[in-house]
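This is run30.cif (mmCIF, C-alpha atoms).
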data_structure
loop_
_atom_site.label_atom_id
_atom_site.label_comp_id
_atom_site.auth_asym_id
_atom_site.auth_seq_id
_atom_site.Cartn_x
_atom_site.Cartn_y
_atom_site.Cartn_z
CA MET B 1 58.95 -106.45 -62.82
CA LYS B 2 55.79 -108.01 -61.38
CA LEU B 3 56.04 -109.61 -57.94
CA VAL B 4 53.65 -111.58 -55.72
CA TYR B 5 54.31 -111.77 -51.95
CA CYS B 6 52.53 -114.35 -49.78
CA HIS B 7 51.84 -114.02 -46.07
CA CYS B 8 49.17 -115.37 -43.73
CA SER B 9 47.77 -111.98 -42.64
CA LEU B 10 48.64 -108.32 -42.12
CA TYR B 11 46.42 -107.24 -39.23
CA ASN B 12 49.09 -107.82 -36.54
CA PRO B 13 51.83 -105.29 -35.61
CA GLY B 14 54.62 -107.81 -36.16
CA GLY B 15 58.17 -107.57 -37.45
CA MET B 16 57.43 -109.54 -40.62
CA GLU B 17 54.59 -107.17 -41.43
CA ARG B 18 56.87 -104.15 -41.01
CA VAL B 19 59.57 -105.76 -43.15
CA LEU B 20 57.09 -106.54 -45.91
CA LEU B 21 55.68 -103.01 -45.77
CA ASN B 22 59.12 -101.42 -46.11
CA LYS B 23 60.04 -103.75 -48.95
CA VAL B 24 56.92 -103.30 -51.08
CA ARG B 25 56.95 -99.54 -50.45
CA TRP B 26 60.43 -99.42 -51.96
CA LEU B 27 59.48 -101.70 -54.86
CA VAL B 28 56.43 -99.73 -55.98
CA GLY B 29 58.45 -96.54 -55.56
CA ALA B 30 60.97 -98.02 -57.99
CA GLY B 31 58.22 -98.70 -60.52
CA HIS B 32 57.58 -102.40 -59.90
CA GLU B 33 54.12 -103.99 -59.69
CA VAL B 34 53.37 -105.72 -56.38
CA LEU B 35 50.52 -107.98 -55.27
CA VAL B 36 50.32 -109.14 -51.64
CA VAL B 37 48.31 -112.34 -51.13
CA THR B 38 47.05 -113.44 -47.69
CA THR B 39 45.12 -116.45 -46.41
CA ASP B 40 43.75 -115.31 -43.03
CA GLN B 41 43.02 -111.58 -43.24
CA GLN B 42 39.28 -112.15 -42.61
CA GLU B 43 38.41 -108.64 -43.84
CA ARG B 44 40.35 -107.04 -41.00
CA PRO B 45 42.29 -103.85 -41.81
CA THR B 46 46.06 -104.01 -42.05
CA PHE B 47 47.81 -102.74 -38.92
CA TYR B 48 50.26 -100.73 -41.04
CA ARG B 49 49.03 -98.66 -43.96
CA PHE B 50 50.31 -100.07 -47.23
CA PRO B 51 50.79 -97.85 -50.30
CA ASP B 52 47.74 -97.56 -52.53
CA GLU B 53 49.82 -98.89 -55.44
CA VAL B 54 50.16 -102.28 -53.70
CA LYS B 55 47.35 -104.64 -54.65
CA MET B 56 45.98 -106.75 -51.77
CA LEU B 57 44.05 -110.00 -52.09
CA ASP B 58 42.92 -112.50 -49.47
CA LEU B 59 42.21 -116.11 -50.49
CA GLY B 60 39.82 -116.77 -47.62
CA ILE B 61 41.47 -120.01 -46.43
CA ASN B 62 41.49 -119.11 -42.71
CA TYR B 63 43.84 -121.71 -41.26
CA SER B 64 43.87 -119.83 -37.95
CA LEU B 65 40.22 -120.62 -37.21
CA ASP B 66 41.34 -124.16 -36.33
CA ASN B 67 44.02 -123.15 -33.83
CA ASP B 68 41.88 -123.98 -30.79
CA GLN B 69 40.74 -127.34 -32.14
CA PRO B 70 42.19 -130.63 -30.85
CA LEU B 71 44.93 -132.15 -32.98
CA TYR B 72 42.77 -134.95 -34.37
CA ARG B 73 40.42 -132.33 -35.86
CA ARG B 74 43.06 -129.79 -36.77
CA ILE B 75 45.09 -132.10 -39.03
CA PRO B 76 42.29 -133.18 -41.42
CA SER B 77 40.95 -129.61 -41.54
CA TYR B 78 44.44 -128.32 -42.37
CA LEU B 79 44.79 -130.81 -45.21
CA ARG B 80 41.42 -129.81 -46.70
CA LYS B 81 42.27 -126.13 -46.43
CA ARG B 82 45.69 -126.62 -47.97
CA HIS B 83 44.05 -128.34 -50.97
CA LEU B 84 41.74 -125.34 -51.36
CA HIS B 85 44.68 -122.98 -50.85
CA ARG B 86 46.67 -124.64 -53.60
CA ALA B 87 43.75 -124.53 -56.04
CA ARG B 88 42.97 -120.86 -55.43
CA PHE B 89 46.61 -119.78 -55.44
CA THR B 90 47.36 -121.71 -58.64
CA GLU B 91 44.42 -120.01 -60.32
CA LEU B 92 45.71 -116.62 -59.15
CA LEU B 93 49.26 -117.18 -60.41
CA MET B 94 48.09 -118.52 -63.76
CA ARG B 95 45.96 -115.38 -64.14
CA GLU B 96 48.50 -112.82 -62.88
CA ARG B 97 51.65 -114.37 -64.42
CA PRO B 98 54.18 -112.62 -62.15
CA ASP B 99 57.92 -112.66 -62.74
CA ILE B 100 58.67 -113.50 -59.08
CA THR B 101 56.59 -115.27 -56.42
CA VAL B 102 57.86 -114.89 -52.85
CA SER B 103 56.67 -117.01 -49.92
CA LEU B 104 57.31 -115.72 -46.40
CA TYR B 105 57.06 -119.34 -45.24
CA PRO B 106 53.37 -119.86 -44.54
CA SER B 107 51.55 -122.96 -45.78
CA GLU B 108 51.97 -122.43 -49.52
CA SER B 109 55.73 -123.02 -49.34
CA SER B 110 55.11 -126.76 -49.66
CA PHE B 111 53.44 -126.48 -53.07
CA ILE B 112 54.53 -123.17 -54.67
CA PRO B 113 57.55 -124.61 -56.54
CA ARG B 114 55.26 -127.05 -58.38
CA ILE B 115 52.97 -124.35 -59.80
CA LYS B 116 53.95 -123.91 -63.47
CA ASP B 117 52.95 -120.31 -64.02
CA GLY B 118 56.39 -119.25 -65.30
CA SER B 119 57.39 -117.21 -62.25
CA LYS B 120 60.59 -117.81 -60.31
CA LYS B 121 59.90 -119.00 -56.78
CA VAL B 122 61.67 -117.49 -53.76
CA LEU B 123 61.42 -118.70 -50.17
CA GLU B 124 62.11 -115.93 -47.63
CA LEU B 125 62.61 -117.31 -44.11
CA HIS B 126 61.97 -114.89 -41.25
CA PHE B 127 62.70 -117.43 -38.54
CA ASN B 128 65.69 -119.77 -38.32
CA ARG B 129 66.57 -123.38 -39.05
CA TYR B 130 65.40 -124.62 -35.65
CA PHE B 131 62.27 -122.52 -35.15
CA ARG B 132 59.90 -125.49 -35.22
CA ILE B 133 61.63 -127.35 -32.38
CA GLN B 134 62.36 -124.41 -30.07
CA TYR B 135 59.33 -125.23 -27.92
CA GLY B 136 60.69 -128.66 -27.00
CA ARG B 137 57.20 -130.15 -27.11
CA GLY B 138 56.70 -133.85 -26.43
CA GLY B 139 54.23 -136.48 -27.55
CA LEU B 140 52.58 -136.47 -30.98
CA THR B 141 52.90 -132.69 -31.31
CA GLY B 142 56.65 -132.85 -30.69
CA LEU B 143 57.01 -135.68 -33.19
CA ILE B 144 55.23 -133.58 -35.82
CA ASP B 145 57.48 -130.60 -34.99
CA ARG B 146 60.60 -132.70 -35.59
CA TRP B 147 59.22 -134.23 -38.77
CA ARG B 148 58.31 -130.82 -40.18
CA SER B 149 61.75 -129.49 -39.27
CA ASN B 150 63.33 -132.27 -41.32
CA VAL B 151 60.98 -131.60 -44.24
CA ASP B 152 61.90 -127.88 -44.20
CA GLU B 153 65.26 -128.56 -45.87
CA LYS B 154 63.64 -130.47 -48.74
CA ILE B 155 61.13 -127.65 -49.23
CA ALA B 156 63.85 -124.99 -49.19
CA ARG B 157 65.90 -126.84 -51.81
CA SER B 158 62.93 -126.94 -54.20
CA PHE B 159 62.81 -123.15 -54.63
CA ASP B 160 64.76 -121.20 -57.24
CA SER B 161 66.19 -119.17 -54.36
CA PHE B 162 66.14 -119.61 -50.58
CA VAL B 163 66.90 -116.48 -48.54
CA VAL B 164 67.83 -116.45 -44.85
CA LEU B 165 68.52 -113.41 -42.72
CA THR B 166 71.87 -114.10 -41.07
CA GLU B 167 75.21 -115.75 -41.76
CA GLU B 168 74.67 -117.69 -38.53
CA ASP B 169 71.48 -119.26 -39.84
CA LYS B 170 73.02 -120.04 -43.22
CA LYS B 171 75.55 -122.32 -41.48
CA TYR B 172 72.74 -124.32 -39.85
CA TRP B 173 71.24 -125.24 -43.23
CA GLY B 174 74.41 -126.84 -44.56
CA ASP B 175 75.54 -126.92 -48.19
CA MET B 176 72.59 -125.63 -50.24
CA PRO B 177 73.33 -124.28 -53.73
CA ASN B 178 70.31 -121.95 -53.79
CA ILE B 179 70.80 -120.29 -50.38
CA SER B 180 71.55 -116.56 -49.95
CA VAL B 181 71.80 -114.20 -46.98
CA ILE B 182 69.92 -110.91 -47.17
CA ALA B 183 69.27 -109.13 -43.89
CA ASN B 184 66.32 -106.91 -43.14
CA THR B 185 66.60 -103.18 -43.64
CA ALA B 186 67.40 -100.93 -40.70
CA VAL B 187 65.15 -97.92 -41.20
CA SER B 188 66.47 -94.86 -39.42
CA MET B 189 64.15 -93.66 -36.69
CA PRO B 190 63.45 -89.92 -37.02
CA LEU B 191 63.43 -89.50 -33.23
CA LYS B 192 66.53 -90.37 -31.22
CA SER B 193 66.90 -91.20 -27.56
CA ASP B 194 69.23 -89.08 -25.43
CA CYS B 195 69.46 -92.04 -23.00
CA THR B 196 68.41 -89.95 -20.02
CA SER B 197 64.98 -91.45 -19.38
CA LYS B 198 64.91 -94.06 -16.62
CA ARG B 199 63.02 -96.54 -18.76
CA VAL B 200 63.87 -99.96 -20.21
CA ILE B 201 61.72 -100.98 -23.18
CA ALA B 202 60.85 -104.38 -24.66
CA VAL B 203 58.73 -104.89 -27.78
CA GLY B 204 57.16 -107.93 -29.41
CA ARG B 205 54.37 -110.46 -29.47
CA LEU B 206 53.36 -111.73 -26.04
CA ASP B 207 54.19 -115.40 -26.56
CA PHE B 208 56.84 -118.05 -26.00
CA GLN B 209 59.14 -116.78 -28.74
CA LYS B 210 59.75 -113.36 -27.21
CA GLY B 211 60.41 -114.75 -23.71
CA PHE B 212 59.01 -111.84 -21.71
CA ASP B 213 58.47 -114.21 -18.78
CA ARG B 214 62.27 -114.43 -18.56
CA LEU B 215 62.48 -110.63 -18.65
CA ILE B 216 60.08 -110.28 -15.73
CA ASP B 217 62.21 -112.75 -13.75
CA ILE B 218 65.25 -110.61 -14.58
CA TRP B 219 63.46 -107.42 -13.57
CA GLU B 220 62.65 -108.94 -10.19
CA VAL B 221 66.40 -109.26 -9.60
CA VAL B 222 67.08 -105.77 -10.95
CA LYS B 223 64.62 -104.12 -8.56
CA LYS B 224 66.42 -105.59 -5.54
CA SER B 225 69.35 -103.27 -6.27
CA PRO B 226 69.39 -99.61 -5.15
CA LEU B 227 70.91 -98.82 -8.58
CA SER B 228 67.46 -99.38 -10.10
CA GLU B 229 65.86 -96.55 -8.12
CA GLY B 230 63.39 -94.68 -10.33
CA TRP B 231 63.72 -97.06 -13.29
CA ARG B 232 60.79 -98.86 -14.91
CA LEU B 233 60.22 -101.51 -17.59
CA ASP B 234 57.60 -101.06 -20.32
CA ILE B 235 56.67 -104.01 -22.54
CA PHE B 236 54.73 -103.28 -25.75
CA GLY B 237 52.84 -106.04 -27.53
CA GLN B 238 49.78 -108.21 -27.81
CA GLY B 239 49.25 -111.96 -27.68
CA GLU B 240 48.09 -114.97 -25.76
CA TRP B 241 50.51 -114.44 -22.86
CA ARG B 242 49.11 -111.08 -21.72
CA ASP B 243 47.26 -112.51 -18.70
CA LYS B 244 50.18 -114.76 -17.81
CA LEU B 245 52.66 -111.88 -17.84
CA ASN B 246 50.38 -109.56 -15.89
CA GLY B 247 49.90 -112.33 -13.35
CA MET B 248 53.67 -112.70 -12.95
CA ILE B 249 54.07 -108.95 -12.47
CA GLU B 250 51.41 -108.86 -9.76
CA GLU B 251 52.70 -112.00 -8.02
CA LYS B 252 56.24 -110.63 -7.84
CA GLY B 253 55.07 -107.24 -6.56
CA LEU B 254 56.40 -105.37 -9.60
CA SER B 255 53.25 -103.50 -10.63
CA ASP B 256 54.75 -100.14 -9.69
CA SER B 257 57.71 -100.56 -12.08
CA VAL B 258 56.51 -102.85 -14.92
CA ALA B 259 53.63 -102.48 -17.38
CA VAL B 260 52.44 -104.53 -20.36
CA ASN B 261 51.19 -101.99 -22.92
CA ALA B 262 49.15 -102.38 -26.09
CA PRO B 263 51.10 -102.20 -29.36
CA THR B 264 51.47 -98.78 -30.92
CA GLY B 265 51.78 -97.57 -34.47
CA GLU B 266 54.26 -94.94 -33.27
CA ILE B 267 56.89 -97.15 -31.68
CA GLY B 268 59.60 -94.65 -32.63
CA LYS B 269 58.29 -92.26 -30.00
CA GLU B 270 58.53 -95.01 -27.37
CA TYR B 271 62.14 -95.83 -28.31
CA ALA B 272 63.01 -92.15 -28.05
CA ALA B 273 61.43 -92.02 -24.59
CA SER B 274 63.53 -94.97 -23.39
CA SER B 275 67.21 -95.55 -22.61
CA ILE B 276 67.78 -99.33 -22.95
CA LEU B 277 66.26 -102.12 -25.04
CA ALA B 278 66.04 -105.55 -23.36
CA MET B 279 65.59 -108.69 -25.51
CA THR B 280 65.04 -112.10 -23.94
CA SER B 281 63.72 -114.01 -26.97
CA ASN B 282 63.98 -117.78 -27.18
CA TYR B 283 64.64 -117.51 -30.93
CA GLU B 284 64.49 -115.01 -33.78
CA GLY B 285 65.19 -114.83 -37.48
CA PHE B 286 66.56 -111.30 -37.60
CA PRO B 287 65.20 -109.17 -34.74
CA MET B 288 63.65 -106.07 -36.27
CA VAL B 289 63.01 -104.58 -32.84
CA MET B 290 66.74 -104.72 -32.16
CA ILE B 291 67.81 -102.78 -35.23
CA GLU B 292 64.92 -100.31 -34.90
CA ALA B 293 65.87 -99.52 -31.31
CA MET B 294 69.56 -99.31 -32.17
CA SER B 295 68.79 -96.88 -35.00
CA ALA B 296 66.97 -94.75 -32.40
CA GLY B 297 70.13 -94.68 -30.26
CA LEU B 298 69.33 -97.32 -27.64
CA PRO B 299 71.97 -99.63 -26.20
CA VAL B 300 70.77 -103.25 -26.33
CA VAL B 301 71.05 -105.96 -23.69
CA THR B 302 70.13 -109.33 -25.18
CA TYR B 303 70.46 -113.06 -24.80
CA GLY B 304 72.55 -114.72 -27.50
CA TYR B 305 69.65 -116.71 -28.96
CA LYS B 306 69.50 -118.10 -32.49
CA CYS B 307 69.64 -115.99 -34.66
CA GLY B 308 70.58 -112.33 -35.00
CA PRO B 309 72.53 -110.89 -32.05
CA GLN B 310 75.87 -112.35 -33.19
CA ASP B 311 75.41 -110.85 -36.68
CA ILE B 312 74.13 -107.46 -35.54
CA ILE B 313 75.91 -106.55 -32.29
CA THR B 314 79.59 -105.91 -31.68
CA GLN B 315 79.95 -107.03 -28.07
CA GLY B 316 80.43 -104.12 -25.69
CA VAL B 317 80.48 -101.57 -28.49
CA ASP B 318 76.86 -101.15 -29.56
CA GLY B 319 75.23 -103.70 -27.26
CA ILE B 320 75.72 -106.47 -24.73
CA ILE B 321 75.09 -110.18 -25.44
CA LEU B 322 74.55 -112.58 -22.52
CA ASN B 323 74.60 -116.37 -22.51
CA GLU B 324 71.18 -117.99 -22.69
CA GLY B 325 69.27 -118.18 -19.43
CA GLN B 326 71.70 -116.27 -17.23
CA ILE B 327 69.21 -114.23 -15.24
CA CYS B 328 71.65 -112.65 -12.78
CA SER B 329 74.18 -111.77 -15.49
CA PHE B 330 71.44 -110.14 -17.56
CA ALA B 331 70.29 -108.18 -14.50
CA ASP B 332 73.89 -107.08 -13.82
CA ALA B 333 74.26 -105.84 -17.41
CA LEU B 334 71.08 -103.79 -17.12
CA LEU B 335 72.22 -102.33 -13.80
CA GLN B 336 75.61 -101.47 -15.26
CA LEU B 337 73.94 -99.36 -17.95
CA MET B 338 71.35 -97.91 -15.57
CA SER B 339 74.05 -96.64 -13.23
CA ASN B 340 76.40 -95.24 -15.88
CA ASP B 341 74.99 -92.37 -17.94
CA ALA B 342 78.15 -91.92 -20.00
CA LEU B 343 78.31 -95.61 -20.92
CA ARG B 344 74.65 -95.63 -22.00
CA ARG B 345 75.18 -92.64 -24.25
CA LYS B 346 78.39 -94.06 -25.70
CA ILE B 347 76.88 -97.44 -26.58
CA GLY B 348 73.66 -95.80 -27.80
CA ALA B 349 75.59 -93.51 -30.15
CA ALA B 350 77.51 -96.47 -31.57
CA ALA B 351 74.23 -98.38 -32.02
CA THR B 352 72.88 -95.80 -34.49
CA ARG B 353 75.49 -96.91 -37.02
CA VAL B 354 73.44 -100.08 -37.59
CA VAL B 355 71.66 -98.05 -40.27
CA GLU B 356 74.86 -97.85 -42.30
CA ARG B 357 75.33 -101.63 -42.28
CA TYR B 358 71.72 -102.46 -43.11
CA SER B 359 70.68 -99.45 -45.17
CA GLU B 360 67.67 -99.71 -47.47
CA GLU B 361 69.92 -98.94 -50.43
CA LYS B 362 72.21 -101.89 -49.66
CA VAL B 363 69.52 -104.40 -48.72
CA MET B 364 67.15 -103.66 -51.60
CA GLY B 365 70.10 -103.61 -53.95
CA GLN B 366 70.80 -107.20 -52.89
CA TRP B 367 67.18 -108.17 -53.48
CA MET B 368 67.11 -106.65 -56.96
CA SER B 369 70.37 -108.39 -57.89
CA LEU B 370 68.90 -111.71 -56.76
CA PHE B 371 65.65 -111.17 -58.69
CA GLU B 372 67.54 -110.16 -61.83
CA ASN B 373 69.88 -113.15 -61.59
CA ILE B 374 67.19 -115.80 -61.20
CA THR B 375 64.95 -114.35 -63.91
CA ARG B 376 67.96 -114.12 -66.23
CA ASN B 377 68.86 -117.77 -65.72
CA GLU B 378 66.07 -119.37 -67.69
#
Please rewrite the model in this file as structure tokens.
Amino acid sequence: MKLVYCHCSLYNPGGMERVLLNKVRWLVGAGHEVLVVTTDQQERPTFYRFPDEVKMLDLGINYSLDNDQPLYRRIPSYLRKRHLHRARFTELLMRERPDITVSLYPSESSFIPRIKDGSKKVLELHFNRYFRIQYGRGGLTGLIDRWRSNVDEKIARSFDSFVVLTEEDKKYWGDMPNISVIANTAVSMPLKSDCTSKRVIAVGRLDFQKGFDRLIDIWEVVKKSPLSEGWRLDIFGQGEWRDKLNGMIEEKGLSDSVAVNAPTGEIGKEYAASSILAMTSNYEGFPMVMIEAMSAGLPVVTYGYKCGPQDIITQGVDGIILNEGQICSFADALLQLMSNDALRRKIGAAATRVVERYSEEKVMGQWMSLFENITRNE
């Protein structure tokens, strides 16, 4: 089977990039042909090393170069670039003639279903139904967010198959005949935590989505308790909020117990050197950091954002879910685990079983069944 995957770029150390890497590695290992097409790579190396058997091609559209432009310039530029994107991508598909074309929901999702190259079109959503309106922006930008959110359903219905990551998210989309739920794979971490290190870890892009500003507010409460003696918080990631977060840490006098660290290609070692994962995201699709950390034996303390925690965690067994925005309750949950070695180890041991529920064998088996079904139904 020949497959084309579309994503904006692969130079960032993000969850979508790791998911795509794991997926295409399995596919080429199973004898399938894979081409990964990007729009904004700009000749930068991929953060993760992809197998040599995976073909890589960048279309040179570069939407991201307009991100700092005012809206009145950004919109016409986006429309011109999308026209170019469609022309170049159509030419590629007509030349390559894949069996399956998969969009990870960048800009081509609006026109892929109309390209008549013979391939079946799959939309793979790594966010959730409400991801466009999570920022609560006002004015013209907010109006565009709401309009695009409404258009998303029409786009999703136009694909041969629309795949979301959780049962929770599936409910938000309503009655769609082409919708399926396939979670991301939980890859077992070779190194395991013994939950003895006095370190809380958080991992992700430094932006609004991951909500590390909320985590720093929580940590300020945590450090007022004598139960936090000797404990520290390490955040790993990169993004536009680095200066903001470092400013918060300094302003609150937390520099001796909190650090914002650069992303690492060996995150498994950092999980193993930690004892708790804290997640304060505003929204997710299916939090890869959560299942990675759980597979390394870390108990998780998380807000119950949309979407993921309710599907992944059994409350009090392999993690703790808190209501959105409850800073003191989140701090109390962290302190409970910090002060109870036996409880940390018990929840951490239960967390490792996430690999059984989301094994590569199960998840990729679901993907292959979907691909075979839609290519069979001509």
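Closest approach to Arg25 (chain B) from the set B:Asp52, B:Asp66, B:Glu43, B:Glu153 is made by B:Asp52, with distances taken over all atoms listed in the file.
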Could you spell out the hits of the PyMOL selection byres ((chain B and resi 307) around 6) on the shown file, as a list in words?
Glu284, Gly285, Tyr305, Lys306 and Gly308 of chain B
Could you write those residues out with C-alpha atoms, as a PDB file, keeping the file's coordinate frame?
ATOM      1  CA  GLU B 284      64.490-115.010 -33.780  1.00  0.00           C
ATOM      2  CA  GLY B 285      65.190-114.830 -37.480  1.00  0.00           C
ATOM      3  CA  TYR B 305      69.650-116.710 -28.960  1.00  0.00           C
ATOM      4  CA  LYS B 306      69.500-118.100 -32.490  1.00  0.00           C
ATOM      5  CA  GLY B 308      70.580-112.330 -35.000  1.00  0.00           C
TER       6      GLY B 308
END
Could you pull the residues within 12 Å of Asn340 (chain B), counting only C-alpha atoms, minus those fewer than 3 positions along the same chain, as a PDB file with C-alpha atoms, keeping the file's coordinate frame?
ATOM      1  CA  CYS B 195      69.460 -92.040 -23.000  1.00  0.00           C
ATOM      2  CA  THR B 196      68.410 -89.950 -20.020  1.00  0.00           C
ATOM      3  CA  LYS B 198      64.910 -94.060 -16.620  1.00  0.00           C
ATOM      4  CA  LEU B 227      70.910 -98.820  -8.580  1.00  0.00           C
ATOM      5  CA  SER B 228      67.460 -99.380 -10.100  1.00  0.00           C
ATOM      6  CA  SER B 275      67.210 -95.550 -22.610  1.00  0.00           C
ATOM      7  CA  ILE B 276      67.780 -99.330 -22.950  1.00  0.00           C
ATOM      8  CA  ALA B 333      74.260-105.840 -17.410  1.00  0.00           C
ATOM      9  CA  LEU B 334      71.080-103.790 -17.120  1.00  0.00           C
ATOM     10  CA  LEU B 335      72.220-102.330 -13.800  1.00  0.00           C
ATOM     11  CA  GLN B 336      75.610-101.470 -15.260  1.00  0.00           C
ATOM     12  CA  LEU B 337      73.940 -99.360 -17.950  1.00  0.00           C
ATOM     13  CA  LEU B 343      78.310 -95.610 -20.920  1.00  0.00           C
ATOM     14  CA  ARG B 344      74.650 -95.630 -22.000  1.00  0.00           C
ATOM     15  CA  ARG B 345      75.180 -92.640 -24.250  1.00  0.00           C
ATOM     16  CA  LYS B 346      78.390 -94.060 -25.700  1.00  0.00           C
ATOM     17  CA  ILE B 347      76.880 -97.440 -26.580  1.00  0.00           C
TER      18      ILE B 347
END
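The spacing separating CA of Val164 (chain B) from CA of Ser180 (chain B) amounts to 6.3 Å.
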Written as a VMD selection string, which residues does the PyMOL selection byres ((chain B and resi 17) around 12) give for the file shown?
chain B and resid 5 to 16 18 to 24 36 38 46 to 50 104 126 184 288
